[in-house]
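Asks: Structure: coords-v4.cif, mmCIF, C-alpha atoms.
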```cif
data_upload
#
loop_
_atom_site.label_atom_id
_atom_site.label_comp_id
_atom_site.auth_asym_id
_atom_site.auth_seq_id
_atom_site.Cartn_x
_atom_site.Cartn_y
_atom_site.Cartn_z
CA MET A 5 81.19 93.24 86.67
CA ASN A 6 84.55 93.64 84.98
CA MET A 7 87.06 93.23 87.81
CA VAL A 8 89.96 94.85 85.94
CA LEU A 9 87.91 98.02 85.37
CA VAL A 10 86.93 98.11 89.05
CA ILE A 11 90.59 97.80 90.02
CA ILE A 12 91.56 100.62 87.67
CA GLY A 13 88.79 102.78 89.15
CA MET A 14 90.10 102.01 92.65
CA ALA A 15 93.62 102.92 91.50
CA ILE A 16 92.51 106.31 90.17
CA VAL A 17 90.56 107.36 93.28
CA THR A 18 93.43 106.20 95.52
CA TYR A 19 96.00 108.18 93.54
CA ILE A 20 94.06 111.50 93.57
CA PRO A 21 94.48 112.37 97.28
CA ARG A 22 98.09 111.17 97.15
CA VAL A 23 99.14 113.30 94.22
CA LEU A 24 97.12 116.55 94.37
CA PRO A 25 98.65 118.27 97.44
CA LEU A 26 102.22 117.16 96.63
CA THR A 27 102.10 118.61 93.12
CA PHE A 28 99.75 121.60 93.57
CA LEU A 29 101.53 122.93 96.65
CA GLU A 30 105.06 122.54 95.20
CA GLY A 31 106.95 125.82 95.51
CA LYS A 32 104.05 127.55 97.30
CA GLU A 33 104.64 129.33 100.60
CA LEU A 34 101.69 128.59 102.90
CA PRO A 35 100.60 130.85 105.81
CA PRO A 36 102.73 130.11 108.93
CA PHE A 37 99.82 128.66 110.92
CA LEU A 38 99.01 126.18 108.16
CA GLN A 39 102.69 125.24 107.85
CA GLY A 40 102.75 124.59 111.58
CA VAL A 41 99.66 122.37 111.37
CA LEU A 42 101.14 120.37 108.48
CA LYS A 43 104.40 119.87 110.39
CA ASN A 44 102.40 118.57 113.36
CA ILE A 45 100.58 115.96 111.29
CA PRO A 46 103.21 113.17 111.31
CA TYR A 47 103.19 112.97 115.12
CA ALA A 48 99.42 113.33 115.45
CA VAL A 49 98.80 110.65 112.82
CA LEU A 50 101.20 108.27 114.61
CA GLY A 51 99.04 108.56 117.73
CA ALA A 52 95.91 107.78 115.74
CA LEU A 53 97.55 104.93 113.83
CA ILE A 54 98.77 103.29 117.06
CA PHE A 55 95.63 103.70 119.19
CA PRO A 56 93.29 101.98 119.55
CA GLY A 57 94.47 99.57 116.77
CA ILE A 58 97.45 98.13 118.67
CA LEU A 59 95.20 96.95 121.50
CA PHE A 60 92.98 94.91 119.18
CA ILE A 61 95.48 93.00 117.04
CA GLN A 62 93.76 89.92 118.44
CA PRO A 63 90.14 91.06 118.72
CA ASP A 64 89.05 88.49 121.31
CA ASP A 65 92.06 88.93 123.63
CA ILE A 66 92.91 92.51 124.53
CA TRP A 67 95.75 91.32 126.82
CA PHE A 68 97.61 90.13 123.74
CA GLY A 69 97.53 93.66 122.32
CA ILE A 70 98.44 95.22 125.67
CA ALA A 71 101.43 92.86 125.98
CA GLY A 72 102.60 93.69 122.46
CA ALA A 73 102.15 97.42 123.02
CA ALA A 74 104.08 97.25 126.29
CA ALA A 75 106.96 95.41 124.60
CA ALA A 76 107.11 97.94 121.75
CA PHE A 77 107.01 101.00 124.05
CA VAL A 78 109.59 99.59 126.47
CA LEU A 79 112.01 98.75 123.64
CA ALA A 80 111.50 102.15 122.02
CA PHE A 81 111.98 104.04 125.31
CA LEU A 82 115.19 102.10 125.90
CA GLY A 83 116.41 103.68 122.68
CA ALA A 84 116.21 100.64 120.38
CA ASP A 85 116.34 101.16 116.61
CA VAL A 86 112.95 100.88 114.81
CA MET A 87 113.86 97.49 113.32
CA ILE A 88 114.78 96.14 116.77
CA VAL A 89 111.47 97.43 118.17
CA VAL A 90 109.63 95.56 115.39
CA LEU A 91 111.53 92.27 115.67
CA GLY A 92 111.69 92.41 119.47
CA SER A 93 107.92 92.87 119.74
CA ILE A 94 107.31 89.92 117.38
CA VAL A 95 109.66 87.68 119.39
CA PHE A 96 108.10 88.83 122.67
CA LEU A 97 104.58 87.97 121.48
CA SER A 98 105.73 84.59 120.13
CA VAL A 99 107.17 83.74 123.55
CA TYR A 100 104.06 85.15 125.26
CA MET A 101 101.91 82.74 123.23
CA LEU A 102 104.16 79.74 123.86
CA MET A 103 104.08 80.46 127.61
CA GLY A 104 100.30 80.81 127.56
CA SER A 105 99.58 77.58 125.69
CA MET B 3 130.50 119.05 92.50
CA GLN B 4 128.55 116.89 90.10
CA MET B 5 130.01 113.72 91.62
CA ALA B 6 129.20 114.81 95.16
CA ALA B 7 125.60 115.53 94.20
CA VAL B 8 125.25 112.12 92.55
CA SER B 9 126.70 110.16 95.48
CA GLU B 10 124.52 112.08 97.93
CA GLN B 11 121.47 111.16 95.87
CA LYS B 12 122.58 107.52 95.91
CA SER B 13 123.08 107.44 99.64
CA GLY B 14 119.65 108.99 99.94
CA PHE B 15 118.13 106.12 97.97
CA ARG B 16 120.09 103.45 99.84
CA ALA B 17 119.30 104.98 103.20
CA GLY B 18 115.66 104.97 102.11
CA LEU B 19 115.76 101.27 101.24
CA LYS B 20 117.25 100.55 104.66
CA ALA B 21 114.68 102.67 106.50
CA GLY B 22 111.93 100.89 104.56
CA VAL B 23 112.90 97.37 105.66
CA SER B 24 110.69 97.52 108.75
CA ILE B 25 107.72 98.36 106.49
CA ALA B 26 108.59 95.45 104.19
CA VAL B 27 108.58 93.11 107.22
CA GLY B 28 105.30 94.56 108.48
CA TYR B 29 103.62 94.23 105.08
CA LEU B 30 104.62 90.56 104.76
CA PRO B 31 101.81 89.00 106.83
CA VAL B 32 99.25 91.60 105.70
CA ALA B 33 99.97 91.08 101.99
CA LEU B 34 100.15 87.27 102.28
CA THR B 35 96.72 87.29 103.92
CA PHE B 36 95.40 89.70 101.30
CA GLY B 37 96.53 87.34 98.52
CA LEU B 38 94.90 84.41 100.29
CA LEU B 39 91.62 86.27 100.91
CA ALA B 40 91.56 87.55 97.33
CA LYS B 41 91.78 83.95 96.15
CA THR B 42 88.94 82.78 98.41
CA THR B 43 86.89 85.81 97.26
CA GLY B 44 87.28 84.54 93.70
CA LEU B 45 89.90 86.94 92.30
CA SER B 46 92.41 85.40 89.90
CA LEU B 47 96.15 85.64 90.59
CA PHE B 48 96.34 88.31 87.89
CA GLU B 49 93.55 90.40 89.46
CA ALA B 50 94.94 90.12 92.99
CA VAL B 51 98.47 91.14 91.96
CA LEU B 52 97.13 93.86 89.64
CA MET B 53 95.21 95.38 92.55
CA SER B 54 98.33 95.46 94.74
CA LEU B 55 100.36 96.83 91.79
CA VAL B 56 98.09 99.75 90.92
CA VAL B 57 96.19 100.50 94.16
CA PHE B 58 98.85 99.80 96.85
CA ALA B 59 96.59 100.63 99.80
CA GLY B 60 96.06 97.90 102.37
CA ALA B 61 92.90 99.00 104.17
CA ALA B 62 91.09 99.89 100.93
CA GLN B 63 92.06 96.60 99.30
CA TYR B 64 90.78 94.57 102.27
CA ILE B 65 87.51 96.48 102.28
CA SER B 66 87.08 95.97 98.54
CA LEU B 67 87.30 92.20 99.08
CA SER B 68 84.51 92.20 101.63
CA LEU B 69 82.41 94.39 99.33
CA ILE B 70 83.05 92.08 96.37
CA ALA B 71 82.12 89.08 98.53
CA ALA B 72 78.90 90.86 99.53
CA GLY B 73 78.07 91.41 95.87
CA ALA B 74 78.45 95.20 95.88
CA GLY B 75 78.52 97.09 92.58
CA ALA B 76 81.53 98.76 91.01
CA ALA B 77 80.47 102.29 92.02
CA VAL B 78 80.12 101.33 95.70
CA ILE B 79 83.52 99.65 95.73
CA ILE B 80 85.25 102.61 94.08
CA PHE B 81 83.47 105.17 96.27
CA ASN B 82 84.44 103.31 99.45
CA THR B 83 88.04 103.11 98.27
CA PHE B 84 88.08 106.89 97.87
CA ILE B 85 86.59 107.50 101.33
CA VAL B 86 89.02 105.15 103.08
CA ASN B 87 91.97 106.92 101.42
CA ILE B 88 90.85 110.51 102.02
CA ARG B 89 93.33 110.74 104.91
CA HIS B 90 96.13 110.67 102.33
CA PHE B 91 95.19 114.27 101.37
CA LEU B 92 96.49 115.35 104.77
CA MET B 93 99.61 113.22 104.55
CA SER B 94 100.41 114.41 101.03
CA ALA B 95 100.07 118.08 102.09
CA SER B 96 102.23 117.44 105.14
CA LEU B 97 104.82 115.53 103.11
CA ASN B 98 105.05 118.50 100.73
CA GLU B 99 106.39 120.64 103.61
CA LYS B 100 108.96 117.96 104.41
CA MET B 101 110.36 117.16 100.96
CA GLU B 102 113.11 118.98 99.11
CA PRO B 103 111.95 121.04 96.09
CA GLU B 104 111.52 118.75 93.09
CA SER B 105 109.95 118.67 89.63
CA ARG B 106 106.22 117.95 89.54
CA ALA B 107 106.91 114.92 87.33
CA LYS B 108 109.07 113.21 89.96
CA LYS B 109 106.70 114.24 92.74
CA SER B 110 103.70 112.80 90.94
CA LEU B 111 105.69 109.56 90.59
CA TYR B 112 106.59 109.16 94.26
CA ALA B 113 103.15 110.40 95.34
CA PHE B 114 101.90 106.96 94.24
CA GLY B 115 103.98 105.35 96.99
CA LEU B 116 102.41 107.32 99.83
CA THR B 117 100.90 105.02 102.47
CA ASP B 118 100.42 105.43 106.23
CA GLU B 119 103.67 103.57 106.70
CA THR B 120 105.89 105.21 104.06
CA PHE B 121 104.57 108.63 105.14
CA THR B 122 105.42 108.16 108.81
CA VAL B 123 108.91 106.78 108.07
CA ILE B 124 109.72 109.68 105.72
CA ALA B 125 108.05 112.49 107.68
CA THR B 126 109.55 111.72 111.12
CA ARG B 127 113.14 112.25 109.92
CA GLU B 128 114.98 115.42 110.88
CA GLY B 129 115.32 118.20 108.33
CA LYS B 130 114.33 118.11 104.68
CA THR B 131 114.05 114.70 103.02
CA SER B 132 115.56 113.94 99.62
CA THR B 133 113.58 112.57 96.70
CA GLY B 134 115.96 109.60 96.57
CA PHE B 135 115.23 108.67 100.17
CA ALA B 136 111.48 108.73 99.51
CA PHE B 137 111.90 106.49 96.46
CA GLY B 138 113.99 104.04 98.49
CA VAL B 139 111.45 103.71 101.30
CA MET B 140 108.56 103.37 98.89
CA LEU B 141 110.23 100.90 96.54
CA ILE B 142 111.04 98.31 99.21
CA ALA B 143 107.58 98.70 100.79
CA TYR B 144 105.89 98.38 97.39
CA GLY B 145 108.01 95.36 96.44
CA SER B 146 107.06 93.56 99.63
CA TRP B 147 103.38 94.39 99.16
CA VAL B 148 103.15 93.19 95.54
CA VAL B 149 105.37 90.10 95.80
CA ASN B 150 103.76 88.85 99.00
CA THR B 151 100.27 89.35 97.55
CA GLY B 152 101.29 86.99 94.72
CA ILE B 153 102.84 84.45 97.11
CA GLY B 154 99.74 84.50 99.34
CA HIS B 155 97.53 83.76 96.34
CA VAL B 156 99.76 81.04 94.90
CA ILE B 157 100.43 79.06 98.07
CA GLY B 158 96.87 79.73 99.28
CA ALA B 159 97.97 80.02 102.89
CA SER B 160 99.43 82.59 105.22
CA LEU B 161 102.15 82.12 107.82
CA PRO B 162 101.90 79.51 110.57
CA GLU B 163 99.13 80.56 112.97
CA PHE B 164 101.36 81.64 115.86
CA LEU B 165 103.75 83.64 113.66
CA GLN B 166 100.85 85.29 111.85
CA GLN B 167 99.43 86.40 115.22
CA ALA B 168 102.77 87.60 116.58
CA MET B 169 103.55 89.49 113.37
CA ALA B 170 100.29 91.41 113.59
CA ILE B 171 102.18 93.69 115.99
CA ALA B 172 104.83 94.58 113.35
CA LEU B 173 103.41 97.76 111.79
CA TYR B 174 102.16 99.06 115.15
CA ALA B 175 105.57 98.40 116.70
CA MET B 176 107.13 100.33 113.83
CA PHE B 177 104.84 103.31 114.49
CA VAL B 178 105.84 103.17 118.18
CA GLY B 179 109.51 102.98 117.22
CA LEU B 180 109.09 106.08 115.02
CA LEU B 181 107.14 108.06 117.61
CA VAL B 182 109.07 107.50 120.83
CA PRO B 183 112.44 109.10 119.92
CA SER B 184 110.68 112.40 119.04
CA LEU B 185 108.42 112.06 122.05
CA LYS B 186 111.46 111.87 124.35
CA LYS B 187 112.83 115.08 122.85
CA GLU B 188 109.72 117.25 122.76
CA MET B 189 106.66 117.46 125.01
CA LYS B 190 104.72 118.85 122.05
CA VAL B 191 104.98 115.46 120.30
CA ALA B 192 103.40 113.76 123.32
CA TYR B 193 100.43 116.14 123.16
CA LEU B 194 100.04 115.70 119.39
CA ALA B 195 100.08 111.89 119.54
CA GLY B 196 98.13 111.67 122.81
CA ILE B 197 95.24 113.88 121.74
CA ALA B 198 94.95 112.17 118.34
CA ALA B 199 95.08 108.74 120.00
CA LEU B 200 92.31 109.62 122.47
CA LEU B 201 90.10 111.18 119.79
CA ASN B 202 90.61 108.26 117.40
CA SER B 203 89.80 105.76 120.16
CA ALA B 204 86.64 107.70 121.05
CA PHE B 205 85.52 108.00 117.41
CA THR B 206 86.11 104.38 116.42
CA MET B 207 85.05 102.64 119.64
CA SER B 208 81.82 104.65 119.86
CA GLY B 209 81.16 103.81 116.22
CA LEU B 210 80.76 107.53 115.48
CA LEU B 211 83.17 107.47 112.52
CA ASP B 212 84.60 104.77 110.25
CA THR B 213 88.32 104.09 110.56
CA GLY B 214 89.36 106.13 107.51
CA TRP B 215 87.51 109.25 108.63
CA ALA B 216 88.36 108.78 112.29
CA ILE B 217 92.11 108.83 111.63
CA ALA B 218 91.85 111.91 109.39
CA VAL B 219 89.56 113.89 111.72
CA SER B 220 91.43 113.11 114.95
CA THR B 221 94.79 113.89 113.31
CA LEU B 222 93.56 117.22 111.99
CA ILE B 223 91.92 118.32 115.26
CA SER B 224 95.02 117.42 117.27
CA ALA B 225 97.45 119.11 114.83
CA MET B 226 95.35 122.31 114.74
CA ALA B 227 94.68 122.49 118.49
CA VAL B 228 98.31 121.99 119.45
CA GLU B 229 99.42 124.54 116.86
CA ALA B 230 96.89 127.09 118.12
CA VAL B 231 98.15 126.66 121.70
CA THR B 232 101.76 126.96 120.49
CA VAL B 233 101.00 130.22 118.70
CA LEU B 234 99.06 131.65 121.67
CA ARG B 235 101.88 130.78 124.05
CA LYS B 236 104.45 132.46 121.82
CA GLY B 237 102.18 135.51 121.71
CA THR B 238 102.01 135.82 125.51
CA GLU B 239 105.79 135.30 125.82
CA LEU B 240 106.39 138.28 123.56
CA GLU B 241 104.22 140.62 125.60
#
```
Spell out the structure here as structure tokens.
Replies:
Amino acid sequence: MNMVLVIIGMAIVTYIPRVLPLTFLEGKELPPFLQGVLKNIPYAVLGALIFPGILFIQPDDIWFGIAGAAAAFVLAFLGADVMIVVLGSIVFLSVYMLMGS
Amino acid sequence: MQMAAVSEQKSGFRAGLKAGVSIAVGYLPVALTFGLLAKTTGLSLFEAVLMSLVVFAGAAQYISLSLIAAGAGAAVIIFNTFIVNIRHFLMSASLNEKMEPESRAKKSLYAFGLTDETFTVIATREGKTSTGFAFGVMLIAYGSWVVNTGIGHVIGASLPEFLQQAMAIALYAMFVGLLVPSLKKEMKVAYLAGIAALLNSAFTMSGLLDTGWAIAVSTLISAMAVEAVTVLRKGTELE
């Protein structure tokens, strides 16, 4: 098996779904309902990207994921900038592990 | 006029770079580990970095390694890559509504940089997004992905165990940080994210759908259901 050819094949099939809608739909006015659905997608996909994945960042210890999720949500609800939410959650979990060990 | 347009474009790109830093941080442990796993799977440094350079899709790249290790053929690997990335159809269509009008040439260039992470950072901003901003976000994310793949392969190790574990929260925390400000402003956002989260949990934990499909299907159902309710409500208000 030629690995470089496999990688190029992977690159092509990954690019197709990325490029087709962005270029084919350029300048086209979609029906209002469809526009509404497409505008909803970023927030719906965030829900699906967060759950259940965040709970299983350490597959054998769900409490680790719950602790990390709690830290991220608390920081975000307090109004912290995205970068602070990210760094704060990392620091919180580091401390959580040091306390636990 | 010309000058104003140019400087606006620049600030768009710089603002994009800045907004992409959290992705770059989140990609660090994931890409380092990918480089390391690629090495143990038998890929050369060139092959590992080439894959990150031309594919730039974390989940698909990880899956390809396990398929290669299992001795799968080229067709199976490529087909699986396509399936895992089908959700990008939805994101690309959604991004098209969000972006300023632009030539198809430039759009087909930045389309390459669309990932779960770059999409959510770009699409959760208010108003239309400039092409420059999209390039900024994608460039810093891409740089982190490619460079850290190489470093992971060369040093043959990832971060210290405890940091690696703590940093696994990074991309999820970023998604939370992107979602919550909109969620505080609009109840609709809570429904959209909540329904998709419940559906995705049900699909993946029951084993009904693989991760790639589960994210796409739950996102689409939630986005359509909430839109239908919104339209119906508006209809009754008018009567």
Asks: Could you build a table of the residues in chain A lying no more than 7 Å from chain B, giving for each the nearest pair of atoms and their separation in Å rounded to one decimal place, using only C-alpha atoms, ordered by chain and ascending residue number, as CSV?
Replies:
```
residue,atom,partner,partner_atom,distance
A:Val8,CA,B:Glu49,CA,6.7
A:Val10,CA,B:Ala76,CA,5.8
A:Ile11,CA,B:Met53,CA,5.8
A:Gly13,CA,B:Ile80,CA,6.1
A:Met14,CA,B:Ile80,CA,5.1
A:Ala15,CA,B:Val57,CA,4.4
A:Val17,CA,B:Phe84,CA,5.2
A:Thr18,CA,B:Phe84,CA,5.9
A:Tyr19,CA,B:Phe114,CA,6.1
A:Pro21,CA,B:Phe91,CA,4.6
A:Arg22,CA,B:Ala113,CA,5.4
A:Val23,CA,B:Ala113,CA,5.1
A:Pro25,CA,B:Ala95,CA,4.9
A:Leu26,CA,B:Asn98,CA,5.2
A:Thr27,CA,B:Arg106,CA,5.5
A:Leu29,CA,B:Asn98,CA,7.0
A:Glu30,CA,B:Asn98,CA,6.8
A:Gly31,CA,B:Pro103,CA,6.9
A:Gly40,CA,B:Glu229,CA,6.2
A:Val41,CA,B:Ala225,CA,5.2
A:Leu42,CA,B:Ser96,CA,4.6
A:Lys43,CA,B:Ser96,CA,6.2
A:Asn44,CA,B:Ala225,CA,5.2
A:Ile45,CA,B:Ala225,CA,5.7
A:Pro46,CA,B:Thr122,CA,6.0
A:Tyr47,CA,B:Ala195,CA,5.5
A:Ala48,CA,B:Ala195,CA,4.4
A:Val49,CA,B:Thr221,CA,5.2
A:Leu50,CA,B:Phe177,CA,6.2
A:Gly51,CA,B:Ala195,CA,3.9
A:Ala52,CA,B:Ala199,CA,4.4
A:Ile54,CA,B:Tyr174,CA,5.7
A:Phe55,CA,B:Ala199,CA,5.1
A:Pro56,CA,B:Ser203,CA,5.2
A:Ile58,CA,B:Tyr174,CA,6.0
A:Ile61,CA,B:Ala170,CA,6.1
A:Gly72,CA,B:Ile171,CA,6.5
A:Ala76,CA,B:Ala175,CA,5.3
A:Phe77,CA,B:Val178,CA,6.4
A:Ala80,CA,B:Gly179,CA,5.3
A:Phe81,CA,B:Val182,CA,6.4
A:Val86,CA,B:Gly179,CA,4.7
A:Met87,CA,B:Ser24,CA,5.6
A:Val89,CA,B:Gly179,CA,6.0
A:Val90,CA,B:Ala175,CA,5.1
A:Ser93,CA,B:Ala175,CA,6.7
A:Ile94,CA,B:Ala168,CA,5.2
A:Leu97,CA,B:Ala168,CA,5.2
A:Ser98,CA,B:Ala168,CA,5.5
```
Asks: For the selection you just gave me, I'd like the residues written to a file as a PDB file, in the coordinates of the input, keeping C-alpha atoms.
Replies:
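Contents of the output file again08.pdb:
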```pdb
ATOM      1  CA  VAL A   8      89.960  94.850  85.940  1.00  0.00           C
ATOM      2  CA  VAL A  10      86.930  98.110  89.050  1.00  0.00           C
ATOM      3  CA  ILE A  11      90.590  97.800  90.020  1.00  0.00           C
ATOM      4  CA  GLY A  13      88.790 102.780  89.150  1.00  0.00           C
ATOM      5  CA  MET A  14      90.100 102.010  92.650  1.00  0.00           C
ATOM      6  CA  ALA A  15      93.620 102.920  91.500  1.00  0.00           C
ATOM      7  CA  VAL A  17      90.560 107.360  93.280  1.00  0.00           C
ATOM      8  CA  THR A  18      93.430 106.200  95.520  1.00  0.00           C
ATOM      9  CA  TYR A  19      96.000 108.180  93.540  1.00  0.00           C
ATOM     10  CA  PRO A  21      94.480 112.370  97.280  1.00  0.00           C
ATOM     11  CA  ARG A  22      98.090 111.170  97.150  1.00  0.00           C
ATOM     12  CA  VAL A  23      99.140 113.300  94.220  1.00  0.00           C
ATOM     13  CA  PRO A  25      98.650 118.270  97.440  1.00  0.00           C
ATOM     14  CA  LEU A  26     102.220 117.160  96.630  1.00  0.00           C
ATOM     15  CA  THR A  27     102.100 118.610  93.120  1.00  0.00           C
ATOM     16  CA  LEU A  29     101.530 122.930  96.650  1.00  0.00           C
ATOM     17  CA  GLU A  30     105.060 122.540  95.200  1.00  0.00           C
ATOM     18  CA  GLY A  31     106.950 125.820  95.510  1.00  0.00           C
ATOM     19  CA  GLY A  40     102.750 124.590 111.580  1.00  0.00           C
ATOM     20  CA  VAL A  41      99.660 122.370 111.370  1.00  0.00           C
ATOM     21  CA  LEU A  42     101.140 120.370 108.480  1.00  0.00           C
ATOM     22  CA  LYS A  43     104.400 119.870 110.390  1.00  0.00           C
ATOM     23  CA  ASN A  44     102.400 118.570 113.360  1.00  0.00           C
ATOM     24  CA  ILE A  45     100.580 115.960 111.290  1.00  0.00           C
ATOM     25  CA  PRO A  46     103.210 113.170 111.310  1.00  0.00           C
ATOM     26  CA  TYR A  47     103.190 112.970 115.120  1.00  0.00           C
ATOM     27  CA  ALA A  48      99.420 113.330 115.450  1.00  0.00           C
ATOM     28  CA  VAL A  49      98.800 110.650 112.820  1.00  0.00           C
ATOM     29  CA  LEU A  50     101.200 108.270 114.610  1.00  0.00           C
ATOM     30  CA  GLY A  51      99.040 108.560 117.730  1.00  0.00           C
ATOM     31  CA  ALA A  52      95.910 107.780 115.740  1.00  0.00           C
ATOM     32  CA  ILE A  54      98.770 103.290 117.060  1.00  0.00           C
ATOM     33  CA  PHE A  55      95.630 103.700 119.190  1.00  0.00           C
ATOM     34  CA  PRO A  56      93.290 101.980 119.550  1.00  0.00           C
ATOM     35  CA  ILE A  58      97.450  98.130 118.670  1.00  0.00           C
ATOM     36  CA  ILE A  61      95.480  93.000 117.040  1.00  0.00           C
ATOM     37  CA  GLY A  72     102.600  93.690 122.460  1.00  0.00           C
ATOM     38  CA  ALA A  76     107.110  97.940 121.750  1.00  0.00           C
ATOM     39  CA  PHE A  77     107.010 101.000 124.050  1.00  0.00           C
ATOM     40  CA  ALA A  80     111.500 102.150 122.020  1.00  0.00           C
ATOM     41  CA  PHE A  81     111.980 104.040 125.310  1.00  0.00           C
ATOM     42  CA  VAL A  86     112.950 100.880 114.810  1.00  0.00           C
ATOM     43  CA  MET A  87     113.860  97.490 113.320  1.00  0.00           C
ATOM     44  CA  VAL A  89     111.470  97.430 118.170  1.00  0.00           C
ATOM     45  CA  VAL A  90     109.630  95.560 115.390  1.00  0.00           C
ATOM     46  CA  SER A  93     107.920  92.870 119.740  1.00  0.00           C
ATOM     47  CA  ILE A  94     107.310  89.920 117.380  1.00  0.00           C
ATOM     48  CA  LEU A  97     104.580  87.970 121.480  1.00  0.00           C
ATOM     49  CA  SER A  98     105.730  84.590 120.130  1.00  0.00           C
TER      50      SER A  98
END
```
Asks: Taking all atoms of stretch 216-230 of chain B that appear in the file, build a box with edges along x, y and z, extend it by 6 Å on every side, and state its centre and edge lengths in Å to one decimal, as lines of an AutoDock Vina configuration file.
Replies:
```
center_x = 93.9
center_y = 117.9
center_z = 114.4
size_x = 23.1
size_y = 30.3
size_z = 22.1
```
Asks: Would you work out the distance separating atom CA of B:Gly37 from atom CA of B:Ala61, expressed in Å to one decimal?
Replies: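 Taking atom CA of B:Gly37 and atom CA of B:Ala61, their separation equals 13.5 Å.
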Asks: Expressed in Å to a single decimal, how great is the separation between atom CA of B:Gly154 and atom CA of B:Leu38?
Replies: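 Answer for the atom CA of B:Gly154 to atom CA of B:Leu38 separation: 4.9 Å.
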Asks: Provide the atom CA of B:Thr133 to atom CA of B:Trp215 distance in Å, to one decimal place.
Replies: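 Straight-line distance from atom CA of B:Thr133 to atom CA of B:Trp215 works out to 28.9 Å.
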